[in-house]
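To be precise, the following lines are run27.txt, and they hold compact mmCIF, C-alpha atoms.
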```
# COMPACT_ATOMS: atom_id res chain seq x y z
CA MET A 1 228.88 30.54 477.99
CA ALA A 2 226.53 31.88 480.66
CA VAL A 3 222.99 30.61 481.10
CA VAL A 4 220.84 33.43 482.48
CA ALA A 5 217.22 34.44 482.80
CA ASP A 6 216.17 37.63 481.04
CA SER A 7 213.31 39.83 482.08
CA GLY A 8 209.90 38.14 482.11
CA ASP A 9 209.68 34.73 480.46
CA VAL A 10 212.78 34.96 478.27
CA LEU A 11 215.99 32.97 478.80
CA ASN A 12 219.41 33.77 477.33
CA VAL A 13 221.03 30.39 476.78
CA PRO A 14 223.72 28.81 474.60
CA MET A 15 222.44 26.80 471.67
CA TYR A 16 224.63 25.11 469.08
CA PHE A 17 224.48 26.11 465.41
CA LEU A 18 226.39 25.28 462.26
CA GLU A 19 229.01 27.96 461.68
CA ARG A 20 228.56 30.22 458.67
CA THR A 21 231.57 29.58 456.45
CA GLU A 22 232.18 29.66 452.70
CA GLU A 23 232.98 25.95 452.89
CA TRP A 24 229.28 25.04 452.69
CA GLU A 25 229.00 26.72 449.30
CA THR A 26 231.00 23.87 447.74
CA ILE A 27 231.00 21.08 450.34
CA LYS A 28 227.96 19.37 451.82
CA PRO A 29 227.96 18.77 455.59
CA TYR A 30 227.82 15.13 456.63
CA ASN A 31 227.70 13.08 459.82
CA PHE A 32 228.32 9.32 460.11
CA GLN A 33 226.14 7.58 462.68
CA TYR A 34 228.70 4.76 462.93
CA TYR A 35 232.46 4.36 462.74
CA PRO A 36 233.52 4.08 459.08
CA LYS A 37 236.14 1.44 458.43
CA GLU A 38 238.19 3.80 456.30
CA ASP A 39 240.47 6.40 457.84
CA PHE A 40 237.86 9.07 457.24
CA PRO A 41 236.57 11.86 459.53
CA ARG A 42 233.27 10.85 461.10
CA HIS A 43 231.80 14.28 460.35
CA ASN A 44 232.77 17.65 458.93
CA LEU A 45 230.37 19.72 461.03
CA GLN A 46 231.72 22.97 462.42
CA HIS A 47 229.50 24.18 465.22
CA SER A 48 229.65 26.76 467.97
CA PRO A 49 227.37 28.00 470.75
CA CYS A 50 225.42 31.21 470.21
CA THR A 51 223.57 33.07 472.95
CA THR A 52 219.92 32.59 472.03
CA ARG A 53 216.80 34.21 473.44
CA VAL A 54 214.26 31.49 474.23
CA GLY A 55 210.73 32.56 475.10
CA ASN A 56 207.91 30.83 476.95
CA ILE A 57 205.39 29.06 474.69
CA ARG A 58 202.72 29.55 477.34
CA SER A 59 203.09 33.33 477.05
CA HIS A 60 202.63 33.28 473.26
CA VAL A 61 199.33 34.97 472.32
CA PRO A 62 197.60 33.47 470.48
CA GLN A 63 198.95 30.02 471.18
CA PRO A 64 201.23 28.81 468.34
CA SER A 65 199.95 26.35 465.73
CA LEU A 66 201.44 23.83 463.32
CA ASP A 67 200.19 25.73 460.27
CA VAL A 68 201.46 29.16 461.35
CA GLU A 69 204.53 28.97 463.60
CA GLY A 70 205.20 25.33 462.73
CA PHE A 71 204.73 24.00 466.28
CA GLU A 72 202.04 23.63 468.89
CA VAL A 73 201.21 21.97 472.21
CA GLN A 74 198.56 19.27 472.20
CA GLN A 75 196.81 17.23 474.87
CA LEU A 76 197.31 13.48 474.55
CA VAL A 77 196.39 10.93 477.21
CA THR A 78 198.48 7.79 476.89
CA LYS A 79 198.29 4.35 478.48
CA MET A 80 202.08 4.31 478.72
CA THR A 81 203.86 4.45 482.08
CA TYR A 82 207.48 5.46 482.63
CA SER A 83 208.72 1.86 482.54
CA ASP A 84 206.64 1.16 479.41
CA PHE A 85 208.77 3.59 477.42
CA LEU A 86 211.79 1.37 478.11
CA ASP A 87 210.01 -1.54 476.39
CA ASP A 88 210.35 -1.37 472.59
CA ASP A 89 207.38 -3.68 472.06
CA LYS A 90 205.07 -1.48 474.13
CA VAL A 91 206.28 1.65 472.36
CA GLU A 92 205.56 0.01 469.00
CA GLU A 93 202.27 -1.64 469.93
CA VAL A 94 200.77 1.03 472.19
CA TYR A 95 202.35 4.47 471.96
CA LEU A 96 202.91 4.64 468.20
CA ARG A 97 199.38 3.41 467.55
CA GLU A 98 198.02 6.04 469.97
CA LEU A 99 199.85 8.77 468.08
CA GLU A 100 198.68 7.53 464.68
CA LYS A 101 195.05 7.53 465.79
CA HIS A 102 195.28 10.89 467.58
CA PHE A 103 196.77 12.79 464.66
CA LEU A 104 194.54 11.08 462.13
CA ASP A 105 191.59 12.61 463.99
CA VAL A 106 193.13 15.96 464.95
CA LEU A 107 194.60 16.80 461.55
CA GLY A 108 191.78 15.37 459.45
CA ALA A 109 194.25 13.24 457.50
CA LYS A 110 193.48 10.08 455.54
CA HIS A 111 196.41 8.07 456.89
CA VAL A 112 199.14 8.53 459.50
CA ARG A 113 202.18 6.30 459.81
CA ALA A 114 204.85 6.35 462.50
CA LEU A 115 208.22 6.33 460.76
CA ASP A 116 210.62 5.93 463.67
CA TYR A 117 211.29 7.02 467.23
CA GLN A 118 214.16 7.87 469.53
CA LEU A 119 214.17 7.27 473.26
CA ARG A 120 216.67 9.82 474.58
CA ARG A 121 218.23 9.22 478.00
CA LYS A 122 220.93 11.75 478.70
CA SER A 123 224.29 10.32 479.75
CA PRO A 124 226.27 12.01 482.57
CA GLU A 125 229.09 12.99 480.18
CA PHE A 126 226.76 14.76 477.71
CA PRO A 127 227.54 16.80 475.66
CA TYR A 128 231.22 15.80 475.60
CA PHE A 129 232.05 12.30 474.39
CA GLY A 130 235.64 12.85 473.27
CA GLY A 131 234.80 12.45 469.60
CA LYS A 132 233.16 9.07 470.19
CA LEU A 133 229.57 8.12 469.44
CA PRO A 134 227.34 8.31 472.54
CA PRO A 135 226.26 4.98 474.04
CA ARG A 136 222.58 5.75 473.35
CA PRO A 137 220.49 8.55 471.79
CA GLN A 138 221.07 11.89 473.51
CA PRO A 139 219.32 15.27 473.51
CA SER A 140 219.88 16.99 470.17
CA LEU A 141 222.76 19.35 470.82
CA MET A 142 222.90 20.85 467.32
CA THR A 143 219.90 22.76 466.06
CA HIS A 144 218.42 21.09 463.00
CA VAL A 145 215.35 20.16 460.98
CA ASP A 146 214.56 16.44 460.90
CA VAL A 147 214.15 15.94 457.16
CA THR A 148 214.26 17.85 453.86
CA PRO A 149 211.40 17.97 451.31
CA ASP A 150 213.37 15.83 448.84
CA ALA A 151 214.13 13.25 451.53
CA ALA A 152 210.46 13.21 452.54
CA LYS A 153 209.41 12.36 448.98
CA LYS A 154 212.01 9.60 448.92
CA ILE A 155 210.53 8.16 452.14
CA VAL A 156 207.05 8.10 450.60
CA ARG A 157 208.35 6.37 447.46
CA GLU A 158 210.27 3.76 449.46
CA LEU A 159 207.34 2.95 451.74
CA TYR A 160 204.47 3.05 449.26
CA LYS A 161 206.05 2.21 445.90
CA ASP A 162 203.11 1.56 443.51
CA VAL A 163 200.79 4.14 445.13
CA ALA A 164 203.49 6.72 445.95
CA ASP A 165 202.76 8.89 442.92
CA GLU A 166 199.12 9.14 443.95
CA ILE A 167 200.04 10.05 447.53
CA LEU A 168 202.42 12.75 446.34
CA LYS A 169 199.68 14.42 444.28
CA PHE A 170 198.04 15.47 447.55
CA ARG A 171 199.22 17.12 450.73
CA PHE A 172 201.59 15.24 452.99
CA GLU A 173 203.53 16.27 456.09
CA ILE A 174 206.25 14.96 458.35
CA ILE A 175 205.84 16.04 461.95
CA THR A 176 207.65 15.14 465.17
CA VAL A 177 205.93 14.53 468.50
CA TRP A 178 208.12 15.16 471.58
CA LYS A 179 207.20 13.96 475.05
CA PRO A 180 209.20 13.71 478.30
CA CYS A 181 209.15 10.23 479.80
CA ARG A 182 209.45 11.64 483.31
CA LEU A 183 208.68 15.00 484.84
CA PRO A 184 209.58 17.67 485.61
CA VAL A 185 212.02 18.55 482.80
CA LYS A 186 214.79 20.57 484.44
CA ASP A 187 217.72 19.31 482.35
CA TRP A 188 218.43 20.14 478.69
CA PRO A 189 214.82 20.76 477.57
CA LEU A 190 213.87 21.18 473.91
CA ALA A 191 213.50 24.52 472.14
CA VAL A 192 211.66 25.07 468.85
CA CYS A 193 211.89 27.95 466.40
CA ASP A 194 209.04 29.94 464.87
CA ALA A 195 209.18 28.76 461.24
CA ARG A 196 208.25 32.23 459.99
CA THR A 197 211.51 33.64 461.37
CA VAL A 198 213.80 31.19 459.56
CA GLN A 199 215.57 32.45 456.45
CA GLN A 200 216.33 30.19 453.49
CA GLU A 201 220.05 30.79 453.96
CA ASP A 202 219.77 29.60 457.58
CA LEU A 203 219.15 26.01 456.43
CA VAL A 204 221.93 23.75 455.14
CA PRO A 205 221.02 20.28 453.76
CA THR A 206 223.20 17.66 455.47
CA ASP A 207 223.82 13.95 454.85
CA ILE A 208 223.21 11.71 457.86
CA ILE A 209 224.97 8.46 457.03
CA TYR A 210 223.92 5.08 458.45
CA PRO A 211 225.42 1.68 457.60
CA ASN A 212 222.67 0.83 455.09
CA TYR A 213 221.27 4.17 453.94
CA ILE A 214 221.77 7.92 453.80
CA ALA A 215 219.20 10.32 455.23
CA GLU A 216 219.10 14.07 454.72
CA ASN A 217 218.23 16.74 457.25
CA CYS A 218 219.07 20.44 457.61
CA MET A 219 221.58 21.95 459.97
CA VAL A 220 220.83 25.51 461.03
CA HIS A 221 222.86 28.74 461.06
CA PHE A 222 222.19 31.21 463.86
CA ASN A 223 220.23 34.31 462.92
CA ASP A 224 219.28 36.92 465.50
CA LYS A 225 215.92 37.33 463.76
CA GLN A 226 214.97 33.77 464.73
CA LYS A 227 212.44 33.43 467.56
CA TRP A 228 212.91 30.41 469.79
CA TYR A 229 210.53 29.00 472.43
CA TRP A 230 210.34 26.23 475.02
CA LEU A 231 207.58 24.68 477.13
CA PRO A 232 208.17 25.14 480.87
CA GLU A 233 206.35 22.97 483.43
CA HIS A 234 205.59 20.35 480.80
CA GLY A 235 202.32 18.64 481.77
CA GLU A 236 201.82 14.89 482.01
CA ASN A 237 199.35 14.84 479.11
CA GLU A 238 201.10 17.43 476.94
CA VAL A 239 203.09 16.74 473.78
CA LEU A 240 205.11 19.27 471.80
CA VAL A 241 204.48 18.85 468.06
CA PHE A 242 206.58 20.46 465.34
CA LYS A 243 206.73 20.28 461.56
CA ALA A 244 209.61 19.37 459.25
CA VAL A 245 207.84 19.19 455.88
CA ASP A 246 204.47 20.32 454.54
CA SER A 247 203.99 19.84 450.80
CA GLU A 248 201.05 22.27 450.77
CA LYS A 249 203.14 25.11 452.11
CA PRO A 250 206.36 25.08 450.07
CA GLY A 251 206.95 28.76 450.83
CA SER A 252 206.79 28.15 454.59
CA TRP A 253 210.06 27.19 456.26
CA PRO A 254 210.17 24.21 458.62
CA CYS A 255 210.55 24.30 462.39
CA PRO A 256 214.15 23.87 463.64
CA HIS A 257 214.73 22.52 467.14
CA GLY A 258 217.52 21.71 469.59
CA ALA A 259 218.26 21.24 473.28
CA PHE A 260 219.67 23.84 475.66
CA PRO A 261 220.97 23.92 479.25
CA LEU A 262 218.39 25.26 481.68
CA PRO A 263 219.38 27.91 484.25
CA GLY A 264 219.88 26.21 487.60
CA GLN A 265 220.53 22.71 486.29
CA ASN A 266 223.59 20.93 487.74
CA GLU A 267 225.01 17.45 488.22
CA THR A 268 222.29 16.62 490.76
CA THR A 269 219.43 17.51 488.40
CA PRO A 270 217.59 14.38 487.16
CA SER A 271 218.74 13.66 483.61
CA ARG A 272 216.34 14.32 480.78
CA GLU A 273 214.50 11.30 479.43
CA SER A 274 212.21 11.83 476.46
CA ILE A 275 210.80 10.18 473.38
CA ASP A 276 210.34 11.76 469.96
CA VAL A 277 208.38 10.14 467.17
CA ARG A 278 208.35 11.12 463.49
CA LEU A 279 204.98 10.76 461.78
CA LEU A 280 204.17 10.75 458.07
CA VAL A 281 200.77 12.41 457.64
CA MET A 282 199.00 11.83 454.32
CA TYR A 283 195.83 13.31 452.82
CA ALA A 284 195.36 11.32 449.60
CA ASP A 285 191.97 9.55 449.65
CA ILE A 286 193.21 6.13 448.58
CA THR A 287 193.46 2.61 449.98
CA TYR A 288 196.78 2.49 451.83
CA PRO A 289 198.67 -0.83 451.91
CA ALA A 290 199.10 -2.26 455.37
CA PRO A 291 202.62 -1.61 456.72
CA GLU A 292 204.80 -4.49 457.73
CA ARG A 293 205.01 -4.58 461.53
```

Can you give me the file's structure in the form of structure tokens?
Amino acid sequence: MAVVADSGDVLNVPMYFLERTEEWETIKPYNFQYYPKEDFPRHNLQHSPCTTRVGNIRSHVPQPSLDVEGFEVQQLVTKMTYSDFLDDDKVEEVYLRELEKHFLDVLGAKHVRALDYQLRRKSPEFPYFGGKLPPRPQPSLMTHVDVTPDAAKKIVRELYKDVADEILKFRFEIITVWKPCRLPVKDWPLAVCDARTVQQEDLVPTDIIYPNYIAENCMVHFNDKQKWYWLPEHGENEVLVFKAVDSEKPGSWPCPHGAFPLPGQNETTPSRESIDVRLLVMYADITYPAPER
């Protein structure tokens, strides 16, 4: 499928979506993140590329925000260097703590907790791995939302147990913070979708199965009413922030995202390297138990 530039700041690019079939009316999509011992298909996802118009975030007037479009660009100065992102201890001890403090202040929350992170270093064979699991986390080929509202409540209950009910009485959010580890990004950048343009029937809850637990996210059907955007010329101190769940806005759909091939990229283009961090943002005015580090 061709990758072309449209007039102005708009790109026409292939992005991968879950196919619309009647199967999902009776069968839930699933995806194993390991090789099951049984002779069982690793996933039942049926996806295909759709030509998608992707606009320039910088041309969006006014600039998008978390509480309206479901995504925004923020300035964040970090102590981390490129090599630091390859060190799990430094990511945990420095970068995650920087994010927790930053969003505690910016969002006016009472407590922010980093849930997990993925360091994505694109392999040369991406996106084709012959049905095998990739050797390390890759750019997200399939458009999706990171977590469902029900799964978000389950996360709060698992982490906070005795005080979970009190936390859930107040607003809570799950957001993702995306940052390139090296610049410029000329290879499979990330696109995000204006949450206001997502229809309920575009979202399909999906089981993501790990050896010790099952998570739930949403795969996304293509809809030509969706409005997608990306951030060209990503700055050193810029992070792209997007929302998966906001308990205060149940009528507002979350922000899907996914990677796409950039016009002009080829085998000589430096591979994308990025880090994305999921944050649990809580507004209950209580004493939060210290997390186990």

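Within 9 Å of Arg136 of chain A, once only C-alpha atoms are used and residues closer than 3 positions along the same chain are dropped, the contacting residues are Leu119, Arg120, Arg121, Lys122, Ser123 and Leu133 of chain A.
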
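Residues with any atom within 9 Å of His43 of chain A, counting all atoms listed in the file and excluding same-chain neighbours fewer than 4 positions away, are A:Pro29, A:Tyr30, A:Asn31, A:Phe32.
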
Report task. Would you work out the distance separating atom CA of Asn237 of chain A from atom CA of Cys181 of chain A, expressed in Å to one decimal? Result -> 10.9 Å

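In terms of minimum interatomic distance to Val204 of chain A, A:Val147 ranks closest within A:Val241, A:Ala191, A:Val147, A:Val91, counting only C-alpha atoms.
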
Query raised in the report: Can you list, as a VMD selection string, every protein, DNA or RNA residue that comes within 6 Å of segment 104-115 of chain A when you count all atoms listed in the file, leaving out same-chain residues fewer than 6 positions away?
Result: chain A and resid 278 to 283

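Computed from the coordinates, the atom CA of Pro134 of chain A to atom CA of Leu99 of chain A distance equals 27.9 Å.
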
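When all atoms listed in the file are used to compute distances to Phe71 of chain A, the closest of the residues A:Pro263, A:Pro270, A:Pro256, A:Pro36 turns out to be A:Pro256.
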
Report task. Considering all atoms listed in the file, return as a PyMOL selection string whatever protein or nucleic-acid residues lie within 9 Å of Arg20 of chain A, sequence-local ones (same chain, fewer than 3 positions apart) excluded. Result -> chain A and resi 17+23-24+46-47+202+221-222

Which neighbours of segment 152-155 of chain A fall inside 9 Å, counting only C-alpha atoms, when residues of the same chain fewer than 2 positions from it are skipped, and could you give them as a PDB file with C-alpha atoms, keeping the file's coordinate frame?
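The file below, out_23.pdb, is the result:
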```
ATOM      1  CA  VAL A 147     214.150  15.940 457.160  1.00  0.00           C
ATOM      2  CA  THR A 148     214.260  17.850 453.860  1.00  0.00           C
ATOM      3  CA  PRO A 149     211.400  17.970 451.310  1.00  0.00           C
ATOM      4  CA  ASP A 150     213.370  15.830 448.840  1.00  0.00           C
ATOM      5  CA  ARG A 157     208.350   6.370 447.460  1.00  0.00           C
ATOM      6  CA  GLU A 158     210.270   3.760 449.460  1.00  0.00           C
ATOM      7  CA  LEU A 159     207.340   2.950 451.740  1.00  0.00           C
ATOM      8  CA  TYR A 160     204.470   3.050 449.260  1.00  0.00           C
ATOM      9  CA  ALA A 164     203.490   6.720 445.950  1.00  0.00           C
ATOM     10  CA  LEU A 168     202.420  12.750 446.340  1.00  0.00           C
ATOM     11  CA  GLU A 173     203.530  16.270 456.090  1.00  0.00           C
ATOM     12  CA  ILE A 174     206.250  14.960 458.350  1.00  0.00           C
ATOM     13  CA  GLU A 216     219.100  14.070 454.720  1.00  0.00           C
ATOM     14  CA  VAL A 245     207.840  19.190 455.880  1.00  0.00           C
ATOM     15  CA  LEU A 280     204.170  10.750 458.070  1.00  0.00           C
TER      16      LEU A 280
END
```

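Nearest residue to Met219 of chain A among A:Asp116, A:Asp194, A:Glu19, A:Asp276 is A:Glu19, counting all atoms listed in the file.
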
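Between atom CA of Val94 of chain A and atom CA of Val239 of chain A the separation is 16.0 Å.
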
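Residue nearest Val185 of chain A within the list A:Val54, A:Ala151, A:Val10, A:Leu231: A:Leu231 [criterion: smallest interatomic distance, all atoms listed in the file].
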
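The shortest atom-to-atom distance to Lys186 of chain A, with all atoms listed in the file taken into account, belongs to A:Glu273 out of A:Glu273, A:Asp165, A:Glu201, A:Glu72.
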
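Shortest atom-to-atom contact with Tyr288 of chain A among A:Thr21, A:Asp87, A:Leu141, A:Val156: A:Val156, counting only C-alpha atoms.
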